[in-house]
>>> print(open('start-v1.tsv').read())   # TSV, C-alpha atoms
chain	number	residue	atom	x	y	z
A	1	MET	CA	36.08	44.95	-13.07
A	2	GLN	CA	33.42	47.15	-14.63
A	3	ASP	CA	34.48	50.75	-15.33
A	4	PRO	CA	32.60	52.81	-12.69
A	5	THR	CA	32.04	55.61	-15.21
A	6	THR	CA	30.29	53.30	-17.67
A	7	ALA	CA	26.82	51.88	-17.15
A	8	HIS	CA	26.78	48.11	-16.90
A	9	ALA	CA	24.35	46.36	-19.26
A	10	PHE	CA	22.54	44.65	-16.38
A	11	SER	CA	22.01	47.91	-14.50
A	12	THR	CA	19.02	48.55	-16.76
A	13	PHE	CA	17.18	45.64	-15.16
A	14	VAL	CA	18.19	46.51	-11.60
A	15	ARG	CA	17.03	50.07	-12.16
A	16	ALA	CA	13.71	48.93	-13.63
A	17	VAL	CA	12.74	46.83	-10.61
A	18	ALA	CA	14.40	48.85	-7.84
A	19	ARG	CA	13.70	52.53	-8.51
A	20	GLY	CA	11.23	52.84	-5.68
A	21	GLU	CA	7.53	52.65	-4.98
A	22	THR	CA	6.39	54.95	-7.77
A	23	LEU	CA	9.04	54.48	-10.47
A	24	SER	CA	9.88	50.77	-10.34
A	25	GLN	CA	8.08	48.49	-12.75
A	26	PRO	CA	7.91	44.79	-13.55
A	27	LEU	CA	9.95	43.45	-16.41
A	28	THR	CA	8.27	42.33	-19.59
A	29	GLU	CA	8.67	38.69	-20.54
A	30	ALA	CA	11.31	39.61	-23.12
A	31	GLU	CA	13.21	41.78	-20.64
A	32	ALA	CA	13.13	39.04	-18.02
A	33	GLU	CA	14.44	36.52	-20.53
A	34	THR	CA	17.32	38.83	-21.46
A	35	ALA	CA	18.09	39.55	-17.80
A	36	MET	CA	18.20	35.89	-16.80
A	37	ALA	CA	20.24	35.04	-19.90
A	38	GLN	CA	22.86	37.47	-18.65
A	39	VAL	CA	22.74	36.00	-15.15
A	40	LEU	CA	23.20	32.44	-16.38
A	41	ALA	CA	25.98	33.50	-18.72
A	42	SER	CA	27.87	35.01	-15.75
A	43	LYS	CA	27.70	38.51	-17.24
A	44	VAL	CA	26.39	40.09	-14.03
A	45	GLU	CA	28.35	41.52	-11.11
A	46	PRO	CA	27.61	39.84	-7.73
A	47	VAL	CA	26.27	43.08	-6.20
A	48	GLN	CA	23.88	43.48	-9.12
A	49	LEU	CA	22.59	39.94	-8.86
A	50	GLY	CA	22.05	40.23	-5.12
A	51	ALA	CA	20.14	43.49	-5.51
A	52	PHE	CA	18.06	42.11	-8.38
A	53	LEU	CA	17.09	38.91	-6.58
A	54	ALA	CA	16.36	40.67	-3.28
A	55	VAL	CA	14.01	43.19	-4.86
A	56	LEU	CA	12.14	40.51	-6.77
A	57	ARG	CA	11.81	38.47	-3.58
A	58	TYR	CA	10.45	41.47	-1.69
A	59	ARG	CA	7.76	42.42	-4.18
A	60	LYS	CA	7.19	38.92	-5.70
A	61	GLU	CA	7.83	38.02	-9.31
A	62	THR	CA	5.14	38.39	-11.95
A	63	ALA	CA	4.07	35.53	-14.18
A	64	ALA	CA	5.60	37.31	-17.18
A	65	GLU	CA	8.94	37.63	-15.40
A	66	LEU	CA	8.97	33.98	-14.40
A	67	VAL	CA	8.12	32.89	-17.93
A	68	GLY	CA	11.03	34.93	-19.27
A	69	PHE	CA	13.35	33.39	-16.68
A	70	VAL	CA	12.23	29.88	-17.62
A	71	LYS	CA	12.78	30.49	-21.32
A	72	ALA	CA	16.31	31.72	-20.64
A	73	ALA	CA	17.09	28.78	-18.35
A	74	ARG	CA	15.82	26.20	-20.80
A	75	ARG	CA	18.55	27.18	-23.24
A	76	HIS	CA	21.12	26.04	-20.68
A	77	LEU	CA	19.61	22.60	-19.96
A	78	ARG	CA	21.83	19.59	-20.51
A	79	ILE	CA	19.20	17.11	-21.60
A	80	ASP	CA	17.95	15.05	-24.54
A	81	ASN	CA	14.45	16.28	-25.33
A	82	GLY	CA	13.74	13.04	-27.16
A	83	ILE	CA	13.24	11.16	-23.87
A	84	ALA	CA	9.54	10.39	-23.34
A	85	VAL	CA	8.05	11.39	-19.97
A	86	ASP	CA	4.46	11.49	-18.72
A	87	LEU	CA	4.77	13.56	-15.54
A	88	ASP	CA	7.12	16.37	-14.58
A	89	TRP	CA	7.76	16.59	-10.81
A	90	PRO	CA	9.93	19.45	-9.48
A	91	SER	CA	11.38	19.15	-5.96
A	92	TYR	CA	13.17	22.31	-4.82
A	93	ALA	CA	12.83	22.54	-1.04
A	94	ASP	CA	16.27	23.26	0.40
A	95	ARG	CA	15.25	21.71	3.70
A	96	HIS	CA	12.41	19.47	4.86
A	97	LYS	CA	10.48	19.91	8.08
A	98	GLN	CA	9.07	16.44	7.60
A	99	LEU	CA	9.92	13.35	5.62
A	100	PRO	CA	9.33	13.66	1.85
A	101	TYR	CA	6.59	11.07	1.51
A	102	PHE	CA	5.76	12.44	-1.93
A	103	VAL	CA	8.69	10.37	-3.19
A	104	LEU	CA	6.54	7.28	-2.56
A	105	ALA	CA	3.72	8.84	-4.58
A	106	ALA	CA	6.07	9.30	-7.54
A	107	LEU	CA	7.42	5.75	-7.12
A	108	LEU	CA	3.91	4.29	-6.91
A	109	LEU	CA	2.94	5.99	-10.16
A	110	ALA	CA	6.15	4.75	-11.79
A	111	HIS	CA	5.30	1.19	-10.73
A	112	ASN	CA	1.98	1.62	-12.51
A	113	GLY	CA	3.31	2.67	-15.88
A	114	VAL	CA	3.70	6.44	-15.44
A	115	ARG	CA	7.09	7.75	-16.55
A	116	VAL	CA	8.07	10.37	-13.96
A	117	ALA	CA	10.91	12.89	-14.23
A	118	MET	CA	11.78	14.50	-10.90
A	119	HIS	CA	14.32	17.32	-10.78
A	120	GLY	CA	15.61	19.46	-7.94
A	121	ILE	CA	18.36	20.46	-5.55
A	122	SER	CA	20.13	18.31	-3.00
A	123	GLY	CA	19.15	20.51	-0.05
A	124	SER	CA	20.99	21.11	3.18
A	125	GLY	CA	18.76	19.70	5.91
A	126	PRO	CA	18.99	16.41	7.80
A	127	VAL	CA	16.98	14.62	5.09
A	128	THR	CA	16.87	15.39	1.37
A	129	THR	CA	14.85	14.19	-1.59
A	130	PRO	CA	17.89	12.56	-3.27
A	131	ALA	CA	18.77	10.76	-0.03
A	132	VAL	CA	15.30	9.24	0.25
A	133	LEU	CA	15.29	8.29	-3.42
A	134	GLU	CA	18.67	6.60	-3.10
A	135	ALA	CA	17.41	4.68	-0.06
A	136	LEU	CA	14.67	3.39	-2.37
A	137	GLY	CA	17.15	2.42	-5.09
A	138	ILE	CA	16.80	5.50	-7.32
A	139	VAL	CA	20.21	7.10	-7.90
A	140	PRO	CA	20.55	10.58	-9.45
A	141	ALA	CA	20.63	10.62	-13.24
A	142	THR	CA	23.50	12.96	-14.05
A	143	THR	CA	23.53	12.54	-17.85
A	144	PRO	CA	20.86	12.24	-20.57
A	145	GLU	CA	21.87	8.60	-21.03
A	146	ALA	CA	21.43	7.85	-17.34
A	147	THR	CA	18.05	9.60	-17.39
A	148	ALA	CA	16.80	7.48	-20.27
A	149	THR	CA	18.06	4.29	-18.59
A	150	ALA	CA	16.41	5.13	-15.25
A	151	LEU	CA	13.08	5.83	-16.93
A	152	ASP	CA	13.21	2.63	-18.96
A	153	ARG	CA	14.18	0.45	-16.01
A	154	LYS	CA	12.36	2.03	-13.09
A	155	GLY	CA	9.90	4.51	-14.58
A	156	LEU	CA	11.36	7.28	-12.39
A	157	ALA	CA	14.42	9.45	-12.91
A	158	TYR	CA	15.84	12.13	-10.61
A	159	LEU	CA	17.79	14.92	-12.32
A	160	PRO	CA	19.93	17.13	-10.03
A	161	ILE	CA	19.87	20.77	-11.08
A	162	SER	CA	23.66	20.83	-10.59
A	163	ASP	CA	23.97	18.52	-13.61
A	164	LEU	CA	20.85	19.59	-15.45
A	165	CYS	CA	21.70	23.31	-15.40
A	166	PRO	CA	24.94	24.24	-13.58
A	167	PRO	CA	24.42	28.03	-13.87
A	168	MET	CA	21.09	27.72	-12.05
A	169	ALA	CA	22.74	25.66	-9.35
A	170	GLU	CA	25.12	28.57	-8.76
A	171	VAL	CA	22.18	30.90	-8.15
A	172	PHE	CA	20.61	28.39	-5.76
A	173	ALA	CA	23.91	28.34	-3.88
A	174	LEU	CA	23.43	32.02	-3.01
A	175	ARG	CA	20.69	31.18	-0.48
A	176	PRO	CA	23.05	31.26	2.56
A	177	LEU	CA	24.37	34.66	1.45
A	178	LEU	CA	20.97	36.19	0.74
A	179	GLY	CA	19.28	34.59	3.72
A	180	VAL	CA	16.07	34.04	1.72
A	181	ARG	CA	14.86	32.09	-1.28
A	182	SER	CA	15.00	33.84	-4.62
A	183	ALA	CA	13.33	33.85	-8.02
A	184	VAL	CA	15.22	30.71	-9.00
A	185	ASN	CA	13.23	28.74	-6.42
A	186	SER	CA	10.05	29.80	-8.20
A	187	PHE	CA	10.89	29.45	-11.87
A	188	ALA	CA	12.84	26.21	-11.48
A	189	ARG	CA	9.53	24.50	-10.80
A	190	ALA	CA	8.35	25.28	-14.31
A	191	LEU	CA	11.45	24.10	-16.18
A	192	ASN	CA	9.84	20.81	-17.27
A	193	PRO	CA	13.17	19.75	-18.83
A	194	LEU	CA	11.80	16.69	-20.65
A	195	ASP	CA	8.68	18.44	-21.92
A	196	ALA	CA	6.18	16.22	-20.09
A	197	THR	CA	2.54	16.81	-20.97
A	198	ALA	CA	1.53	16.78	-17.29
A	199	GLN	CA	3.06	18.61	-14.36
A	200	ILE	CA	2.47	18.59	-10.58
A	201	LEU	CA	3.73	21.58	-8.59
A	202	GLY	CA	3.87	22.38	-4.89
A	203	VAL	CA	4.20	26.01	-3.79
A	204	PHE	CA	5.06	27.66	-0.48
A	205	HIS	CA	2.12	30.03	-0.19
A	206	PRO	CA	-1.46	30.07	-1.57
A	207	THR	CA	-0.74	33.49	-3.10
A	208	TYR	CA	1.56	31.78	-5.60
A	209	LEU	CA	-1.18	29.51	-7.00
A	210	ALA	CA	-2.54	31.97	-9.55
A	211	THR	CA	0.95	33.11	-10.58
A	212	HIS	CA	2.14	29.59	-11.29
A	213	ALA	CA	-1.06	28.68	-13.12
A	214	GLU	CA	-0.67	31.76	-15.32
A	215	MET	CA	2.99	30.87	-15.88
A	216	ALA	CA	2.00	27.35	-17.01
A	217	LEU	CA	-0.50	28.78	-19.49
A	218	ARG	CA	1.98	31.27	-20.91
A	219	LEU	CA	4.56	28.50	-21.32
A	220	GLY	CA	2.05	26.36	-23.22
A	221	GLN	CA	1.97	23.62	-20.60
A	222	GLU	CA	-0.80	21.19	-21.58
A	223	ARG	CA	-1.77	20.21	-18.01
A	224	SER	CA	-0.47	21.56	-14.73
A	225	VAL	CA	-1.84	21.23	-11.20
A	226	ILE	CA	-0.52	23.55	-8.48
A	227	PHE	CA	-1.25	23.38	-4.75
A	228	LYS	CA	0.23	24.45	-1.43
A	229	GLY	CA	2.51	21.72	-0.11
A	230	SER	CA	4.96	21.13	2.70
A	231	SER	CA	8.05	23.34	2.21
A	232	GLY	CA	6.76	24.08	-1.26
A	233	GLU	CA	6.92	20.42	-2.29
A	234	ALA	CA	4.15	18.57	-4.11
A	235	GLN	CA	2.99	16.75	-0.98
A	236	ARG	CA	-0.56	16.98	0.25
A	237	ASN	CA	-1.47	17.67	3.85
A	238	PRO	CA	-4.32	15.17	4.39
A	239	GLU	CA	-5.68	17.09	7.38
A	240	LYS	CA	-6.68	20.16	5.38
A	241	VAL	CA	-8.93	21.13	2.52
A	242	CYS	CA	-6.74	21.36	-0.59
A	243	ARG	CA	-7.14	24.13	-3.14
A	244	LEU	CA	-5.90	23.21	-6.60
A	245	ALA	CA	-5.08	25.68	-9.36
A	246	LEU	CA	-5.25	24.04	-12.76
A	247	ALA	CA	-3.97	25.04	-16.17
A	248	GLU	CA	-5.44	22.77	-18.83
A	249	SER	CA	-5.51	23.17	-22.59
A	250	GLY	CA	-5.13	26.92	-22.43
A	251	THR	CA	-7.64	27.58	-19.66
A	252	ARG	CA	-7.27	28.21	-15.94
A	253	SER	CA	-9.57	26.91	-13.21
A	254	GLU	CA	-9.64	25.96	-9.54
A	255	GLU	CA	-10.92	23.00	-7.55
A	256	THR	CA	-11.31	22.46	-3.82
A	257	TRP	CA	-10.70	18.95	-2.51
A	258	GLN	CA	-11.99	17.88	0.87
A	259	ALA	CA	-9.73	16.92	3.76
A	260	GLN	CA	-9.06	13.19	3.72
A	261	SER	CA	-7.69	12.60	7.21
A	262	ASP	CA	-9.51	10.32	9.63
A	263	GLY	CA	-8.31	12.49	12.50
A	264	SER	CA	-4.77	11.12	12.64
A	265	ARG	CA	-2.29	13.94	13.20
A	266	PHE	CA	0.06	14.46	10.30
A	267	PRO	CA	3.66	14.88	11.54
A	268	TRP	CA	4.54	18.21	9.94
A	269	ARG	CA	7.57	18.52	12.23
A	270	GLU	CA	8.90	15.02	12.73
A	271	GLU	CA	11.56	14.46	15.34
A	272	THR	CA	13.21	11.63	13.40
A	273	LEU	CA	14.05	12.63	9.83
A	274	ASP	CA	15.42	9.28	8.72
A	275	PRO	CA	15.00	8.05	5.11
A	276	SER	CA	14.64	4.49	6.41
A	277	ARG	CA	11.23	5.46	7.80
A	278	VAL	CA	10.01	6.24	4.28
A	279	VAL	CA	11.45	2.96	3.01
A	280	ALA	CA	9.73	1.06	5.82
A	281	LEU	CA	6.40	2.67	4.94
A	282	TRP	CA	6.82	1.63	1.31
A	283	HIS	CA	7.56	-1.99	2.27
A	284	GLY	CA	4.70	-2.20	4.76
A	285	GLU	CA	7.11	-2.59	7.68
A	286	ARG	CA	5.75	0.64	9.14
A	287	ARG	CA	2.06	1.49	9.29
A	288	GLU	CA	1.01	5.03	10.04
A	289	ALA	CA	-2.30	6.45	8.85
A	290	ALA	CA	-1.38	10.08	8.28
A	291	PRO	CA	1.78	9.57	6.15
A	292	GLU	CA	-0.06	6.95	4.11
A	293	ALA	CA	-2.90	9.42	3.61
A	294	ALA	CA	-0.35	12.00	2.43
A	295	VAL	CA	0.97	9.55	-0.17
A	296	VAL	CA	-2.51	8.60	-1.35
A	297	GLY	CA	-3.63	12.23	-1.49
A	298	THR	CA	-0.57	13.21	-3.50
A	299	VAL	CA	-1.08	10.32	-5.93
A	300	ALA	CA	-4.69	11.46	-6.36
A	301	ILE	CA	-3.55	14.97	-7.31
A	302	ALA	CA	-0.99	13.51	-9.73
A	303	LEU	CA	-3.75	11.47	-11.39
A	304	ARG	CA	-5.67	14.72	-11.81
A	305	ALA	CA	-2.59	16.31	-13.37
A	306	LEU	CA	-2.29	13.37	-15.77
A	307	GLY	CA	-5.89	13.87	-16.86
A	308	ARG	CA	-6.93	10.39	-15.71
A	309	VAL	CA	-9.62	11.65	-13.33
A	310	THR	CA	-11.83	14.71	-13.06
A	311	ASP	CA	-13.54	14.04	-9.71
A	312	TRP	CA	-11.67	14.13	-6.40
A	313	ARG	CA	-13.57	11.13	-4.99
A	314	ASN	CA	-12.67	9.01	-8.00
A	315	ALA	CA	-9.09	10.27	-7.76
A	316	HIS	CA	-8.78	9.16	-4.13
A	317	ASP	CA	-10.45	5.82	-4.81
A	318	GLN	CA	-7.98	5.06	-7.59
A	319	ALA	CA	-5.03	6.24	-5.50
A	320	GLU	CA	-6.12	4.07	-2.56
A	321	LYS	CA	-6.30	1.00	-4.81
A	322	LEU	CA	-2.84	1.67	-6.20
A	323	TRP	CA	-1.37	2.06	-2.72
A	324	HIS	CA	-2.93	-1.07	-1.23
A	325	SER	CA	-2.10	-3.21	-4.25
A	326	ARG	CA	1.52	-2.10	-4.54
A	327	LYS	CA	4.29	-4.66	-4.84
A	328	PRO	CA	7.52	-3.07	-3.55
>>> encode(input="start-v1.tsv", output="structure tokens")
Amino acid sequence: MQDPTTAHAFSTFVRAVARGETLSQPLTEAEAETAMAQVLASKVEPVQLGAFLAVLRYRKETAAELVGFVKAARRHLRIDNGIAVDLDWPSYADRHKQLPYFVLAALLLAHNGVRVAMHGISGSGPVTTPAVLEALGIVPATTPEATATALDRKGLAYLPISDLCPPMAEVFALRPLLGVRSAVNSFARALNPLDATAQILGVFHPTYLATHAEMALRLGQERSVIFKGSSGEAQRNPEKVCRLALAESGTRSEETWQAQSDGSRFPWREETLDPSRVVALWHGERREAAPEAAVVGTVAIALRALGRVTDWRNAHDQAEKLWHSRKP
């Protein structure tokens, strides 16, 4: 137990962010890196960590803070950086309000020669990303060797954060205690553990677009596309205009893609959250316009992230062809 008469090393960071409206200040990138290094090394008292995460959640993390957190977390990754990957795909929703059709987008790209690394948490809802992947024959890759094998054989690997970075998984596990998401939900998306050139990110709120684009630039990410997706996942809502934030070769820009829906209602709150429904859609045993449009739209955005298209119409045309010519 820390001596109550002696200042704890981490108290500096709590004090910096929590001193009140006029005295609190954001952490520099270096300070954030040091703070998160202490968190992941278990050198922080629980009450300090709770206070730190709650304050950051309330006032929202800066890009510099998130970059520092990512740099600290990357030193804890259990991975072989020599594994070649084309597209980084984070998936960190702890619960889904709808089926994760974006998994089919990742699988479709993998079937067409794109090496995709997906990483995330298992979640706690009735349907999870790992459950849907396993229903499609993609089991979690819990070691670097398993990751390399999955990419070579299937073109798609799923890396659980519990194996990829156990200390981060412990922070994720605080969600039930805090009652809200925390900074780890934000910076985990930028981990890019296998150093893929391209990255596709879904965020919870449009206000996070600029922050994540700035984070990608500061981390030296070659190409990153960020957009608002269901539960913060990289899954397009085909009914709505889609605003993309892009970080490419050191510059930031935005694009607006038109709605693609033909009027079919997209089931944002599906009553039956059963992975078999996603599998049936993949095999053509289930036909439903809106979910298929979500898959196609997400593939189109991924093609933009990969740098294979620059025009949204061309992106959707290519994605449509891939979907209709798939061979499950």
>>> closest_residue(input="start-v1.tsv", among="A:Lys327, A:His283, A:His96, A:Lys321", to="Gln235 in chain A", atoms="all atoms listed in the file")
A:His96
>>> atom_distance(input="start-v1.tsv", atom1="CA of Leu281 in chain A", atom2="CA of Leu133 in chain A")
13.4 Å
>>> closest_residue(input="start-v1.tsv", among="A:Leu191, A:Ala18, A:Leu156, A:Val116", to="Arg57 in chain A", atoms="all atoms listed in the file")
A:Ala18
>>> residues_around(input="start-v1.tsv", residues="range 62-77 of chain A", least_positions_apart="5", cutoff="8 Å", atoms="only C-alpha atoms", output="MDAnalysis selection string")
chainID A and resid 26:37 40 164:165 167:168 183 186:188 190:191 193 211:212 214:215 218:219
>>> residues_around(input="start-v1.tsv", residues="Glu320 in chain A", least_positions_apart="2", cutoff="9 Å", atoms="all atoms listed in the file", output="list in words")
Ala293, Val296, Gly297, Val299, Ala300, Ala315, His316, Asp317, Gln318, Leu322, Trp323, His324 and Ser325 of chain A
>>> residues_near_point(input="start-v1.tsv", point="(3.9, 20.5, -0.4)", cutoff="12 Å", atoms="only C-alpha atoms", output="ChimeraX atom specification")
/A:89-93,96-103,200-206,226-238,242-244,268,294-295,297-298,301
>>> closest_residue(input="start-v1.tsv", among="A:Arg304, A:Arg59, A:Arg153, A:Arg189", to="Gly120 in chain A", atoms="all atoms listed in the file")
A:Arg189
>>> residues_around(input="start-v1.tsv", residues="Asp274 in chain A", least_positions_apart="3", cutoff="10 Å", atoms="only C-alpha atoms", output="compact mmCIF listing (two decimals) with C-alpha atoms, in the coordinates of the input")
# COMPACT_ATOMS: atom_id res chain seq x y z
CA GLN A 98 9.07 16.44 7.60
CA LEU A 99 9.92 13.35 5.62
CA PRO A 126 18.99 16.41 7.80
CA VAL A 127 16.98 14.62 5.09
CA THR A 128 16.87 15.39 1.37
CA ALA A 131 18.77 10.76 -0.03
CA VAL A 132 15.30 9.24 0.25
CA GLU A 270 8.90 15.02 12.73
CA GLU A 271 11.56 14.46 15.34
CA ARG A 277 11.23 5.46 7.80
CA VAL A 278 10.01 6.24 4.28
CA VAL A 279 11.45 2.96 3.01
